[in-house]
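Dumped my_file27.json below, it's JSON, C-alpha atoms:
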[["chain", "number", "residue", "atom", "x", "y", "z"],
["A", 257, "MET", "CA", 4.12, 53.40, 37.47],
["A", 258, "ALA", "CA", 7.39, 52.24, 38.98],
["A", 259, "THR", "CA", 9.18, 49.20, 37.62],
["A", 260, "SER", "CA", 12.53, 47.66, 38.42],
["A", 261, "PRO", "CA", 14.33, 44.37, 37.82],
["A", 262, "ASP", "CA", 16.02, 44.63, 41.25],
["A", 263, "LEU", "CA", 13.20, 43.19, 43.37],
["A", 264, "LYS", "CA", 13.62, 39.45, 43.92],
["A", 265, "PHE", "CA", 11.02, 37.26, 45.62],
["A", 266, "THR", "CA", 11.56, 33.80, 47.14],
["A", 267, "ARG", "CA", 8.74, 31.37, 46.38],
["A", 268, "LEU", "CA", 7.57, 29.70, 49.62],
["A", 269, "ASN", "CA", 4.79, 27.61, 48.09],
["A", 270, "SER", "CA", 2.31, 27.72, 45.21],
["A", 271, "ILE", "CA", 0.60, 30.93, 46.39],
["A", 272, "ILE", "CA", 3.08, 32.69, 48.68],
["A", 273, "SER", "CA", 6.31, 34.55, 47.91],
["A", 274, "LEU", "CA", 8.57, 36.62, 50.13],
["A", 275, "TYR", "CA", 10.77, 39.63, 49.44],
["A", 276, "THR", "CA", 13.48, 40.23, 52.02],
["A", 277, "PRO", "CA", 15.24, 43.60, 51.74],
["A", 278, "PRO", "CA", 19.04, 43.65, 51.72],
["A", 279, "PRO", "CA", 20.51, 44.72, 55.08],
["A", 280, "HIS", "CA", 22.66, 47.33, 53.38],
["A", 281, "PRO", "CA", 21.41, 48.33, 49.90],
["A", 282, "PRO", "CA", 24.22, 49.25, 47.53],
["A", 283, "PRO", "CA", 24.74, 53.00, 47.06],
["A", 284, "SER", "CA", 24.31, 52.61, 43.31],
["A", 285, "SER", "CA", 20.86, 51.02, 43.58],
["A", 286, "SER", "CA", 18.08, 53.13, 42.09],
["A", 287, "LEU", "CA", 15.44, 51.08, 43.92],
["A", 288, "PHE", "CA", 15.88, 52.41, 47.44],
["A", 289, "LEU", "CA", 14.98, 56.07, 47.17],
["A", 290, "SER", "CA", 13.62, 56.67, 50.70],
["A", 291, "PRO", "CA", 15.83, 56.59, 53.80],
["A", 292, "ARG", "CA", 15.04, 53.78, 56.21],
["A", 293, "SER", "CA", 13.00, 54.78, 59.25],
["A", 294, "ASN", "CA", 12.00, 53.00, 62.45],
["A", 295, "THR", "CA", 8.43, 54.21, 61.84],
["A", 296, "ASP", "CA", 8.14, 52.29, 58.57],
["A", 297, "PRO", "CA", 6.23, 49.01, 58.39],
["A", 298, "THR", "CA", 8.42, 46.01, 59.13],
["A", 299, "ILE", "CA", 6.18, 43.58, 57.24],
["A", 300, "ILE", "CA", 3.81, 44.30, 54.35],
["A", 301, "ILE", "CA", 1.31, 41.57, 53.48],
["A", 302, "LEU", "CA", -0.09, 42.09, 50.00],
["A", 303, "ALA", "CA", -3.09, 39.85, 49.27],
["A", 304, "GLN", "CA", -3.77, 39.73, 45.53],
["A", 305, "TRP", "CA", -7.12, 39.78, 43.78],
["A", 306, "MET", "CA", -8.44, 36.41, 42.59],
["A", 307, "GLY", "CA", -6.77, 35.11, 39.45],
["A", 308, "ALA", "CA", -4.12, 37.84, 39.27],
["A", 309, "SER", "CA", -1.32, 36.94, 36.88],
["A", 310, "PRO", "CA", 2.07, 36.37, 38.52],
["A", 311, "ARG", "CA", 3.48, 38.48, 35.68],
["A", 312, "SER", "CA", 1.11, 41.38, 36.33],
["A", 313, "LYS", "CA", 2.88, 44.67, 35.63],
["A", 314, "LEU", "CA", 0.53, 46.38, 38.06],
["A", 315, "LEU", "CA", 1.52, 44.05, 40.90],
["A", 316, "LEU", "CA", 5.20, 44.49, 40.08],
["A", 317, "SER", "CA", 4.77, 48.26, 40.19],
["A", 318, "ILE", "CA", 3.04, 48.02, 43.57],
["A", 319, "TYR", "CA", 5.85, 45.88, 44.99],
["A", 320, "VAL", "CA", 8.51, 48.26, 43.73],
["A", 321, "THR", "CA", 6.67, 51.31, 45.05],
["A", 322, "TYR", "CA", 6.41, 49.75, 48.48],
["A", 323, "ALA", "CA", 10.13, 48.90, 48.43],
["A", 324, "LYS", "CA", 10.94, 52.50, 47.52],
["A", 325, "LEU", "CA", 8.66, 53.98, 50.18],
["A", 326, "TYR", "CA", 9.63, 51.54, 52.95],
["A", 327, "PRO", "CA", 13.01, 50.00, 52.03],
["A", 328, "ALA", "CA", 13.39, 48.03, 55.28],
["A", 329, "ALA", "CA", 10.05, 46.24, 54.95],
["A", 330, "ASN", "CA", 9.66, 42.55, 54.18],
["A", 331, "ILE", "CA", 6.93, 41.99, 51.58],
["A", 332, "ILE", "CA", 4.78, 38.86, 51.62],
["A", 333, "THR", "CA", 2.60, 38.45, 48.55],
["A", 334, "ILE", "CA", -0.30, 35.99, 48.48],
["A", 335, "ALA", "CA", -2.07, 34.76, 45.34],
["A", 336, "SER", "CA", -5.79, 33.95, 45.32],
["A", 337, "ARG", "CA", -7.20, 31.09, 43.24],
["A", 338, "PRO", "CA", -10.81, 30.81, 41.95],
["A", 339, "GLU", "CA", -11.06, 27.25, 43.26],
["A", 340, "PHE", "CA", -10.61, 28.55, 46.81],
["A", 341, "PHE", "CA", -14.21, 29.79, 46.66],
["A", 342, "PHE", "CA", -15.72, 26.57, 45.32],
["A", 343, "THR", "CA", -13.86, 23.28, 45.46],
["A", 344, "THR", "CA", -10.90, 23.62, 47.83],
["A", 345, "PRO", "CA", -11.65, 22.37, 51.36],
["A", 346, "THR", "CA", -11.02, 24.92, 54.09],
["A", 347, "TYR", "CA", -8.30, 22.87, 55.75],
["A", 348, "VAL", "CA", -6.41, 22.53, 52.45],
["A", 349, "ARG", "CA", -6.72, 26.23, 51.63],
["A", 350, "GLN", "CA", -5.70, 27.39, 55.09],
["A", 351, "GLY", "CA", -2.82, 24.93, 55.15],
["A", 352, "LEU", "CA", -1.22, 26.97, 52.36],
["A", 353, "PHE", "CA", -0.93, 29.94, 54.73],
["A", 354, "GLU", "CA", 1.31, 28.26, 57.27],
["A", 355, "PRO", "CA", 4.52, 29.76, 55.74],
["A", 356, "VAL", "CA", 3.07, 33.24, 56.31],
["A", 357, "VAL", "CA", 2.28, 32.44, 59.93],
["A", 358, "ASP", "CA", 5.70, 30.85, 60.46],
["A", 359, "PHE", "CA", 7.37, 34.01, 59.16],
["A", 360, "LEU", "CA", 5.15, 36.26, 61.28],
["A", 361, "ARG", "CA", 5.86, 34.21, 64.37],
["A", 362, "GLY", "CA", 9.57, 34.32, 63.69],
["A", 363, "SER", "CA", 9.39, 38.07, 63.28],
["A", 364, "GLY", "CA", 7.23, 38.24, 66.39],
["A", 365, "GLU", "CA", 10.03, 36.86, 68.51],
["A", 366, "ARG", "CA", 12.06, 39.90, 67.48],
["A", 367, "ASN", "CA", 9.31, 42.51, 67.10],
["A", 368, "GLY", "CA", 6.55, 41.48, 69.47],
["A", 369, "ILE", "CA", 3.73, 40.65, 67.07],
["A", 370, "GLY", "CA", 0.64, 39.73, 69.03],
["A", 371, "GLU", "CA", -2.68, 40.94, 70.38],
["A", 372, "GLY", "CA", -2.49, 44.47, 71.72],
["A", 373, "ASP", "CA", 1.11, 44.88, 70.54],
["A", 374, "ARG", "CA", 1.17, 46.53, 67.14],
["A", 375, "GLU", "CA", 4.63, 48.06, 67.51],
["A", 376, "SER", "CA", 5.66, 45.33, 65.09],
["A", 377, "GLY", "CA", 4.57, 47.47, 62.15],
["A", 378, "VAL", "CA", 2.46, 45.06, 60.12],
["A", 379, "LEU", "CA", 0.68, 46.66, 57.16],
["A", 380, "VAL", "CA", -1.85, 44.53, 55.29],
["A", 381, "HIS", "CA", -2.98, 45.55, 51.79],
["A", 382, "THR", "CA", -5.72, 43.48, 50.22],
["A", 383, "PHE", "CA", -7.40, 43.57, 46.82],
["A", 384, "SER", "CA", -10.96, 42.42, 46.12],
["A", 385, "ASN", "CA", -12.78, 39.55, 47.82],
["A", 386, "GLY", "CA", -9.98, 37.12, 46.93],
["A", 387, "GLY", "CA", -7.47, 39.16, 48.87],
["A", 388, "ALA", "CA", -9.91, 39.68, 51.73],
["A", 389, "LEU", "CA", -10.32, 35.91, 52.05],
["A", 390, "SER", "CA", -6.52, 35.54, 52.21],
["A", 391, "VAL", "CA", -6.33, 38.04, 55.07],
["A", 392, "VAL", "CA", -9.05, 36.23, 57.00],
["A", 393, "ASP", "CA", -7.21, 32.94, 56.43],
["A", 394, "VAL", "CA", -3.92, 34.40, 57.68],
["A", 395, "CYS", "CA", -5.64, 35.70, 60.81],
["A", 396, "SER", "CA", -7.43, 32.37, 61.34],
["A", 397, "VAL", "CA", -4.28, 30.25, 61.01],
["A", 398, "PHE", "CA", -2.26, 32.67, 63.16],
["A", 399, "LYS", "CA", -4.83, 32.49, 65.95],
["A", 400, "GLU", "CA", -5.07, 28.71, 65.68],
["A", 401, "LYS", "CA", -1.26, 28.36, 65.94],
["A", 402, "THR", "CA", -0.65, 30.97, 68.65],
["A", 403, "GLY", "CA", -3.91, 31.34, 70.57],
["A", 404, "ARG", "CA", -3.96, 35.10, 69.98],
["A", 405, "LYS", "CA", -4.92, 37.58, 67.29],
["A", 406, "LEU", "CA", -2.36, 38.84, 64.81],
["A", 407, "GLY", "CA", -1.37, 42.38, 65.73],
["A", 408, "ILE", "CA", -1.85, 44.63, 62.70],
["A", 409, "LYS", "CA", -1.26, 48.37, 62.54],
["A", 410, "GLY", "CA", -2.91, 49.16, 59.22],
["A", 411, "LEU", "CA", -5.36, 47.34, 56.94],
["A", 412, "VAL", "CA", -5.98, 48.66, 53.41],
["A", 413, "LEU", "CA", -9.06, 47.17, 51.75],
["A", 414, "ASP", "CA", -9.05, 47.89, 48.01],
["A", 415, "SER", "CA", -12.27, 46.97, 46.14],
["A", 416, "ALA", "CA", -13.57, 44.93, 49.07],
["A", 417, "PRO", "CA", -15.48, 43.50, 50.73],
["A", 418, "GLY", "CA", -18.47, 42.91, 48.52],
["A", 419, "ASP", "CA", -21.94, 41.51, 49.08],
["A", 420, "PRO", "CA", -22.25, 40.23, 45.54],
["A", 421, "SER", "CA", -25.23, 39.52, 43.35],
["A", 422, "ILE", "CA", -24.96, 36.69, 40.82],
["A", 423, "GLN", "CA", -24.06, 39.26, 38.13],
["A", 424, "GLU", "CA", -21.22, 40.66, 40.25],
["A", 425, "THR", "CA", -20.00, 37.15, 41.08],
["A", 426, "TRP", "CA", -19.94, 36.24, 37.39],
["A", 427, "ALA", "CA", -18.07, 39.47, 36.56],
["A", 428, "ALA", "CA", -15.44, 38.74, 39.22],
["A", 429, "LEU", "CA", -14.89, 35.09, 38.38],
["A", 430, "SER", "CA", -14.95, 35.54, 34.62],
["A", 431, "MET", "CA", -11.85, 37.74, 34.90],
["A", 432, "SER", "CA", -9.79, 34.59, 35.56],
["A", 433, "LEU", "CA", -11.14, 32.56, 32.62],
["A", 434, "PRO", "CA", -8.64, 31.68, 29.87],
["A", 435, "LYS", "CA", -8.44, 34.18, 27.01],
["A", 436, "SER", "CA", -8.68, 31.54, 24.27],
["A", 437, "ILE", "CA", -11.07, 29.03, 22.74],
["A", 438, "LEU", "CA", -11.09, 27.36, 26.18],
["A", 439, "TRP", "CA", -13.11, 30.34, 27.43],
["A", 440, "TYR", "CA", -16.38, 28.75, 26.23],
["A", 441, "PRO", "CA", -16.19, 25.39, 28.07],
["A", 442, "SER", "CA", -14.73, 27.15, 31.10],
["A", 443, "ALA", "CA", -17.56, 29.68, 31.10],
["A", 444, "ALA", "CA", -20.12, 26.88, 30.81],
["A", 445, "VAL", "CA", -18.68, 25.13, 33.84],
["A", 446, "LEU", "CA", -18.59, 28.40, 35.77],
["A", 447, "CYS", "CA", -22.23, 29.12, 34.90],
["A", 448, "GLY", "CA", -23.20, 25.68, 36.18],
["A", 449, "VAL", "CA", -21.34, 26.23, 39.44],
["A", 450, "LEU", "CA", -22.92, 29.66, 39.93],
["A", 451, "PHE", "CA", -26.40, 28.32, 39.19],
["A", 452, "THR", "CA", -25.96, 25.51, 41.71],
["A", 453, "MET", "CA", -24.53, 27.87, 44.33],
["A", 454, "TYR", "CA", -27.33, 30.40, 44.07],
["A", 455, "LEU", "CA", -30.01, 27.70, 43.90],
["A", 456, "ALA", "CA", -28.66, 26.23, 47.13],
["A", 457, "LYS", "CA", -28.58, 29.70, 48.67],
["A", 458, "SER", "CA", -32.18, 30.36, 47.74],
["A", 459, "LEU", "CA", -33.32, 26.99, 49.11],
["A", 460, "PHE", "CA", -31.21, 26.70, 52.25],
["A", 461, "SER", "CA", -29.75, 30.22, 52.76],
["A", 462, "PRO", "CA", -26.20, 29.04, 53.56],
["A", 463, "GLU", "CA", -23.52, 31.63, 54.12],
["A", 464, "THR", "CA", -21.28, 31.81, 51.06],
["A", 465, "LEU", "CA", -17.52, 32.13, 51.52],
["A", 466, "VAL", "CA", -17.66, 35.74, 50.28],
["A", 467, "LEU", "CA", -20.27, 36.63, 52.91],
["A", 468, "GLN", "CA", -18.36, 34.70, 55.57],
["A", 469, "THR", "CA", -15.23, 36.67, 54.71],
["A", 470, "ARG", "CA", -17.17, 39.91, 54.90],
["A", 471, "ARG", "CA", -18.50, 38.98, 58.35],
["A", 472, "LEU", "CA", -15.17, 37.77, 59.75],
["A", 473, "LEU", "CA", -13.36, 40.96, 58.75],
["A", 474, "ASN", "CA", -15.54, 42.70, 61.34],
["A", 475, "ASP", "CA", -15.21, 39.94, 63.95],
["A", 476, "PRO", "CA", -13.09, 41.49, 66.73],
["A", 477, "SER", "CA", -12.22, 38.05, 68.08],
["A", 478, "LEU", "CA", -10.38, 37.25, 64.82],
["A", 479, "VAL", "CA", -9.25, 40.47, 63.12],
["A", 480, "ASP", "CA", -7.58, 42.97, 65.43],
["A", 481, "PRO", "CA", -10.05, 45.85, 65.99],
["A", 482, "GLY", "CA", -7.09, 48.08, 66.90],
["A", 483, "ALA", "CA", -5.87, 47.91, 63.32],
["A", 484, "LYS", "CA", -6.76, 51.14, 61.56],
["A", 485, "ARG", "CA", -8.44, 50.73, 58.16],
["A", 486, "MET", "CA", -8.53, 52.47, 54.82],
["A", 487, "TYR", "CA", -11.18, 51.43, 52.31],
["A", 488, "VAL", "CA", -10.45, 52.31, 48.68],
["A", 489, "TYR", "CA", -13.39, 51.88, 46.31],
["A", 490, "SER", "CA", -15.31, 53.43, 43.44],
["A", 491, "ASN", "CA", -18.86, 54.22, 42.42],
["A", 492, "THR", "CA", -18.07, 52.75, 38.98],
["A", 493, "ASP", "CA", -16.86, 49.35, 40.23],
["A", 494, "ALA", "CA", -19.10, 46.76, 38.55],
["A", 495, "LEU", "CA", -17.91, 43.92, 40.79],
["A", 496, "VAL", "CA", -18.05, 45.37, 44.30],
["A", 497, "GLY", "CA", -20.73, 47.98, 44.94],
["A", 498, "TRP", "CA", -19.77, 51.17, 46.76],
["A", 499, "ARG", "CA", -22.77, 50.86, 49.07],
["A", 500, "ASP", "CA", -21.57, 47.41, 50.17],
["A", 501, "VAL", "CA", -18.15, 48.83, 51.02],
["A", 502, "GLU", "CA", -19.53, 51.81, 52.91],
["A", 503, "ARG", "CA", -21.95, 49.61, 54.85],
["A", 504, "HIS", "CA", -19.09, 47.34, 55.92],
["A", 505, "ALA", "CA", -16.98, 50.36, 56.91],
["A", 506, "LYS", "CA", -19.89, 51.71, 58.97],
["A", 507, "GLU", "CA", -20.26, 48.37, 60.76],
["A", 508, "ALA", "CA", -16.53, 48.39, 61.55],
["A", 509, "SER", "CA", -16.67, 51.97, 62.81],
["A", 510, "GLU", "CA", -19.60, 51.13, 65.08],
["A", 511, "LYS", "CA", -17.41, 48.45, 66.66],
["A", 512, "GLY", "CA", -14.74, 51.00, 67.46],
["A", 513, "VAL", "CA", -12.46, 50.49, 64.45],
["A", 514, "TYR", "CA", -10.75, 53.58, 63.05],
["A", 515, "VAL", "CA", -11.87, 53.94, 59.40],
["A", 516, "GLU", "CA", -10.83, 56.10, 56.46],
["A", 517, "LEU", "CA", -12.80, 56.10, 53.19],
["A", 518, "VAL", "CA", -11.15, 56.90, 49.86],
["A", 519, "LYS", "CA", -13.82, 56.94, 47.17],
["A", 520, "MET", "CA", -12.75, 57.22, 43.54],
["A", 521, "GLU", "CA", -15.15, 58.44, 40.88],
["A", 522, "ASP", "CA", -14.14, 56.75, 37.64],
["A", 523, "SER", "CA", -11.97, 53.66, 38.23],
["A", 524, "LYS", "CA", -12.83, 50.02, 37.69],
["A", 525, "HIS", "CA", -12.44, 47.05, 40.00],
["A", 526, "VAL", "CA", -8.89, 46.83, 41.48],
["A", 527, "GLN", "CA", -7.84, 49.55, 39.02],
["A", 528, "HIS", "CA", -7.98, 52.47, 41.47],
["A", 529, "VAL", "CA", -4.22, 52.48, 42.00],
["A", 530, "LEU", "CA", -3.62, 52.34, 38.23],
["A", 531, "LYS", "CA", -6.12, 55.07, 37.38],
["A", 532, "HIS", "CA", -5.18, 57.39, 40.26],
["A", 533, "TRP", "CA", -1.56, 56.44, 40.95],
["A", 534, "ASP", "CA", -0.33, 59.59, 42.68],
["A", 535, "VAL", "CA", -3.51, 60.17, 44.66],
["A", 536, "TYR", "CA", -3.59, 56.53, 45.73],
["A", 537, "TRP", "CA", -0.06, 56.50, 47.15],
["A", 538, "THR", "CA", -0.44, 59.92, 48.76],
["A", 539, "ASN", "CA", -3.48, 58.62, 50.62],
["A", 540, "LEU", "CA", -1.69, 55.42, 51.57],
["A", 541, "GLU", "CA", 1.36, 57.22, 52.96],
["A", 542, "SER", "CA", -0.87, 59.56, 54.96],
["A", 543, "PHE", "CA", -2.89, 56.62, 56.25],
["A", 544, "TRP", "CA", 0.24, 54.79, 57.41],
["A", 545, "LYS", "CA", 1.38, 57.86, 59.37],
["A", 546, "VAL", "CA", -1.92, 57.68, 61.24],
["A", 547, "ALA", "CA", -1.97, 53.90, 61.52],
["A", 548, "ARG", "CA", 1.51, 53.58, 63.03],
["A", 549, "THR", "CA", 0.61, 55.79, 66.02]]

Show me, as structure tokens, the structure contained in the file I just sent.
Amino acid sequence: MATSPDLKFTRLNSIISLYTPPPHPPPSSSLFLSPRSNTDPTIIILAQWMGASPRSKLLLSIYVTYAKLYPAANIITIASRPEFFFTTPTYVRQGLFEPVVDFLRGSGERNGIGEGDRESGVLVHTFSNGGALSVVDVCSVFKEKTGRKLGIKGLVLDSAPGDPSIQETWAALSMSLPKSILWYPSAAVLCGVLFTMYLAKSLFSPETLVLQTRRLLNDPSLVDPGAKRMYVYSNTDALVGWRDVERHAKEASEKGVYVELVKMEDSKHVQHVLKHWDVYWTNLESFWKVART
């Protein structure tokens, strides 16, 4: 994995940070290995998995790899919080995404970001259901503010979207519990929330936020159907089943969305890039060459 101390992000709010590449990288910098190209993405939106640590070495390696592959790209990284799925009102959660939309709109004035105009070079890379929710929120707020869909060239869906059982939901949420004696009271609270949620679902059949996210990703009035997609998933992912991913990809394809499937055989949830580093990035670079056309 690639690491470097040279990548500096500006914190825009509690969940969003922005990396802006230098206009002229110094010749001595070891970070910028690829020559800049007008076919590279101009903006990369990286939507993290729920509860990812801001000090995650894996995330840092992903940022650095993107900066090396596409040195002219701005990188927006978005954190996902467990409370977004349970206690945070929609208007509060989506209000946190306004800095992303403001930046996209500012870039749009220069690059033409908008419905039917994907020359802007926006690449979105999302991890798990937490990241998928962030992408849906960005698209929702962008449309609310501009009256049009966000033009996206490529959408990478890693370990998402799921159609989770209670066991898969527990497995996903328990990843963010504190690794200390506080795990026990936190787990008890989480169990209570899950029990209440699934009892309500069985009695009233409401659409959970995970299922809503899954549906909205394939809503052509919200998420640009011209954006090409690559799904990366595994048959050994205990949190998001491979059948759920393939079913969602099939639904997208039936609506006219270009779809690529990259199925790993032995990697865990959001660990595909770590387990299969070279294969992962080779597929991503190839996908972007297709997506940008």

For atom CA of Arg499 of chain A and atom CA of Lys545 of chain A, the interatomic separation in Å (one decimal): 27.2 Å

Atomic distance atom CA of Val546 of chain A - atom CA of Val518 of chain A, expressed in Å with one decimal: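 Computing it gives 14.7 Å between the two atoms.
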
Option closest in space to Ala329 of chain A, from A:Arg470, A:Ser363, A:Thr276, A:His525 [counting all atoms listed in the file]: A:Thr276

A:Val320, A:Leu325, A:Leu379, A:Leu263 ranked by distance to Leu302 of chain A, top pick (using only C-alpha atoms):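 Nearest to Leu302 of chain A: A:Leu379.
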
Between atom CA of Asp358 of chain A and atom CA of Arg404 of chain A, distance in Å (one decimal):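 Value for the atom CA of Asp358 of chain A-atom CA of Arg404 of chain A distance: 14.2 Å.
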
Selection as a PyMOL selection string: residues within 6 Å of (-9.2, 54.7, 52.0), counting only C-alpha atoms: chain A and resi 486-488+516-518

Residues near Arg485 of chain A, cut-off 9 Å, all atoms listed in the file, skip fewer than 3 positions along chain, as number ranges by chain: A: 409-413, 505, 513-517, 543, 547

Close residues, segment 346-354 of chain A itself excluded, 9 Å, all atoms listed in the file, min 3 positions apart in chain, as a PyMOL selection string: chain A and resi 269-272+334+340+357-359+390+393-394+396-398

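Across A:Thr344, A:Thr298, A:Asn385, A:Asn491, the tightest approach to Leu360 of chain A is made by A:Thr298 when counting all atoms listed in the file.
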
Report the centre and edge lengths, in Å to one decimal, of an axis-aligned box enclosing every atom of segment 492-505 of chain A listed in the file, padded by 8 Å on each side, as JSON.
{"center_x": -19.8, "center_y": 48.3, "center_z": 47.7, "size_x": 21.9, "size_y": 24.8, "size_z": 34.4}

For Trp305 of chain A: contacts at 12 Å, all atoms listed in the file, fewer than 4 positions along chain excluded, given as a PyMOL selection string: chain A and resi 309-310+312+314-315+333-338+381-391+413-417+428-429+431-432+495+525-527

Surrounding residues of Ile332 of chain A excluding itself and chain neighbours under 2 positions, 9 Å, only C-alpha atoms, as a list in words: Phe265, Ile272, Ser273, Leu274, Tyr275, Thr276, Ile299, Ile300, Ile301, Leu302, Ala303, Asn330, Ile334 and Val356 of chain A
